[in-house]
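Right, one structure below, let's go through it.
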Amino acid sequence: KQWYQRRVAITAGGEDIIKINEGVYKTVVRKGYEKEFVEPGSTVVCHVTGFLPDEEDKVFWSTKGGNPFSYKAGIGTVIEGWDEGVDGMSEGEISKIYMSSKKGYGKIGNRSWNIPAHTNIAFEIEILAVR
């Protein structure tokens, strides 16, 4: 098994693992209202916690307890694995999205969040609104 399959299986505690694309997997923590869905061009408002699954779930970013994060889906404003994992989520849904470094920050990493190059990352994303 690949790293993300093993890690998701452990983290998910037996919940269904959904393969989105090669290198992107998600587990649904809480189903949404299934009325408004994220699609390319949607404005998405969400709470996010980013963590490093290979480093004991070390948190590198969180909006919980603060202002939600807003972005336009499917146009490259967020990293590829995020866009792929969030596509199709509905308002109210909380999912954990796991991605290989190629779908995250790749060979460059992200210095502002101390994410080294070639690091697998994950996000827990709660969709608050889809417009």
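Here, A, B, ... name the chains of the structure tokens in the order displayed, residue numbers run from 1 inside each chain, and ligands are numbered from 1 in the same displayed order.
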
Kindly assemble as CSV a list of the stretch 60-87 of chain A residues that lie within 12 Å of stretch 117-121 of chain A, each paired with its nearest atom pair and their distance in Å to one decimal, using only C-alpha atoms, sorted first by chain and then by ascending residue number.
residue,atom,partner,partner_atom,distance
A:Phe60,CA,A:Ile121,CA,9.6
A:Trp61,CA,A:Ile121,CA,11.3
A:Ile79,CA,A:Ile121,CA,11.0
A:Glu80,CA,A:Ile121,CA,12.0
A:Gly81,CA,A:Ile121,CA,9.4
A:Trp82,CA,A:Ile121,CA,10.0

(request) Find, counting only C-alpha atoms, the residue in A:Phe51, A:Phe123, A:Tyr98, A:Trp113 that gets nearest to A:Tyr25. (result) A:Tyr98

(message) Which residues are close to A:His47, i.e. within 6 Å by only C-alpha atoms, leaving aside same-chain residues fewer than 6 positions away? Reply as a list in words.
(response) Thr63, Lys64, Pro68, Ile125 and Glu126 of chain A

(request) Can you pull out every residue within 8 Å of A:Val130, counting only C-alpha atoms, but drop anything in the same chain fewer than 6 positions away, and send it as a list in words? (result) Glu36, Phe37, Val38, Ser42, Thr43, Val44, Val45, Ser90 and Glu91 of chain A

(message) Quick one: residues within 10 Å of A:Glu22, only C-alpha atoms, excluding same-chain residues fewer than 6 positions away - as a ChimeraX atom specification?
(response) /A:81,99-100,102-103

(request) Find the spatial neighbours of stretch 28-33 of chain A, counting only C-alpha atoms, within a cut-off of 7 Å - ignore same-chain residues fewer than 2 positions away - and output them as JSON, numbers by chain. (result) {"A": [26, 35, 90, 91, 92, 93, 94, 95, 96]}

Keeping only all heavy atoms, write the selected residues as a short mmCIF file (atom, residue, chain, number, x, y, z; two decimals), in the first residue's frame.
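The resulting file, result-v1.cif, is reproduced below:
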data_model
loop_
_atom_site.label_atom_id
_atom_site.label_comp_id
_atom_site.auth_asym_id
_atom_site.auth_seq_id
_atom_site.Cartn_x
_atom_site.Cartn_y
_atom_site.Cartn_z
N LYS A 26 -9.67 10.86 0.68
CA LYS A 26 -10.38 11.57 1.74
C LYS A 26 -11.24 10.63 2.55
O LYS A 26 -11.64 9.55 2.08
CB LYS A 26 -11.21 12.74 1.20
CG LYS A 26 -12.58 12.40 0.67
CD LYS A 26 -13.32 13.68 0.31
CE LYS A 26 -14.76 13.41 -0.06
NZ LYS A 26 -15.50 14.62 -0.36
N LYS A 35 -27.16 19.98 -0.43
CA LYS A 35 -27.98 20.90 -1.21
C LYS A 35 -27.11 21.76 -2.11
O LYS A 35 -27.44 21.95 -3.27
CB LYS A 35 -28.81 21.78 -0.28
CG LYS A 35 -29.87 21.01 0.47
CD LYS A 35 -30.71 21.90 1.35
CE LYS A 35 -31.74 21.05 2.08
NZ LYS A 35 -32.57 21.83 2.98
N SER A 90 -20.28 19.08 0.06
CA SER A 90 -21.47 19.91 0.22
C SER A 90 -21.37 20.75 1.49
O SER A 90 -20.58 20.46 2.39
CB SER A 90 -22.73 19.05 0.26
OG SER A 90 -22.81 18.28 1.43
N GLU A 91 -22.18 21.81 1.53
CA GLU A 91 -22.22 22.65 2.72
C GLU A 91 -22.47 21.77 3.94
O GLU A 91 -23.30 20.86 3.91
CB GLU A 91 -23.33 23.69 2.63
CG GLU A 91 -22.99 24.85 1.75
CD GLU A 91 -24.06 25.93 1.77
OE1 GLU A 91 -25.12 25.76 2.40
OE2 GLU A 91 -23.82 26.96 1.14
N GLY A 92 -21.75 22.07 5.02
CA GLY A 92 -21.90 21.32 6.27
C GLY A 92 -21.00 20.11 6.36
O GLY A 92 -20.80 19.56 7.44
N GLU A 93 -20.43 19.67 5.26
CA GLU A 93 -19.57 18.49 5.27
C GLU A 93 -18.21 18.81 5.91
O GLU A 93 -17.67 19.89 5.72
CB GLU A 93 -19.34 17.99 3.85
CG GLU A 93 -18.48 16.74 3.77
CD GLU A 93 -18.33 16.21 2.35
OE1 GLU A 93 -19.24 16.43 1.52
OE2 GLU A 93 -17.31 15.55 2.08
N ILE A 94 -17.70 17.85 6.65
CA ILE A 94 -16.33 17.90 7.16
C ILE A 94 -15.62 16.66 6.64
O ILE A 94 -16.10 15.54 6.84
CB ILE A 94 -16.27 17.90 8.70
CG1 ILE A 94 -17.02 19.10 9.28
CG2 ILE A 94 -14.81 17.88 9.18
CD1 ILE A 94 -17.14 19.09 10.80
N SER A 95 -14.51 16.86 5.95
CA SER A 95 -13.72 15.74 5.45
C SER A 95 -12.25 15.99 5.72
O SER A 95 -11.80 17.14 5.83
CB SER A 95 -13.92 15.56 3.94
OG SER A 95 -15.18 14.99 3.67
N LYS A 96 -11.52 14.90 5.83
CA LYS A 96 -10.06 14.97 5.91
C LYS A 96 -9.53 14.56 4.54
O LYS A 96 -9.88 13.50 4.03
CB LYS A 96 -9.52 14.04 6.98
CG LYS A 96 -9.85 14.53 8.39
CD LYS A 96 -9.23 13.63 9.44
CE LYS A 96 -9.57 14.15 10.82
NZ LYS A 96 -9.02 13.29 11.88
#

(request) Go ahead and compute the interatomic distance for atom CA of A:Gly104 and atom CA of A:Val24, in Å to one decimal. (result)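 Computing the Euclidean distance for atom CA of A:Gly104 and atom CA of A:Val24 yields 9.5 Å.
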
(message) As an exercise, work out the distance from atom CA of A:Asn67 to atom CA of A:Cys46 in Å and give it to one decimal place.
(response) 9.2 Å

(request) Using DSSP on the backbone, list every residue of chain A that comes out as strand (DSSP E), and give them as JSON, numbers by chain. (result) {"A": [18, 19, 20, 21, 24, 25, 26, 27, 28, 29, 30, 43, 44, 45, 46, 47, 48, 49, 50, 51, 52, 58, 59, 60, 61, 62, 69, 70, 71, 72, 94, 95, 96, 97, 98, 99, 121, 122, 123, 124, 125, 126, 127, 128, 129, 130]}

(request) Would you please give, as a PyMOL selection string, all residues of stretch 62-98 of chain A that DSSP assigns to helix (DSSP H, G or I) based on the backbone? (result) chain A and resi 80-86

Restrict the selected residues to C-alpha atoms and save them as a PDB file, in the first residue's frame.
ATOM      1  CA  GLU A  80      -4.006  20.791  -6.617  1.00  0.00           C
ATOM      2  CA  GLY A  81      -4.787  18.104  -4.018  1.00  0.00           C
ATOM      3  CA  TRP A  82      -7.032  20.517  -2.079  1.00  0.00           C
ATOM      4  CA  ASP A  83      -9.026  21.458  -5.186  1.00  0.00           C
ATOM      5  CA  GLU A  84      -9.417  17.800  -6.151  1.00  0.00           C
ATOM      6  CA  GLY A  85     -10.417  16.709  -2.639  1.00  0.00           C
ATOM      7  CA  VAL A  86     -12.977  19.465  -2.038  1.00  0.00           C
TER       8      VAL A  86
END

(request) Between atom CA of A:Met89 and atom CA of A:Lys72, measure the distance and give it in Å to one decimal. (result)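 Computing the Euclidean distance for atom CA of A:Met89 and atom CA of A:Lys72 yields 13.9 Å.
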
(message) Between A:Ser62, A:Ile20, A:Gly50, A:Arg131, which residue has the minimum interatomic distance to A:Asp87, considering only C-alpha atoms?
(response) A:Ile20

(message) Residues within 9 Å of A:Pro116, please, as a PyMOL selection string. Count only C-alpha atoms; anything in the same chain fewer than 3 positions from it doesn't count.
(response) chain A and resi 105-111+113+119

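Nearest to A:Tyr71 of all the residues A:Asp16, A:Lys58, A:Gly41, A:Thr49 is A:Gly41, based on only C-alpha atoms.
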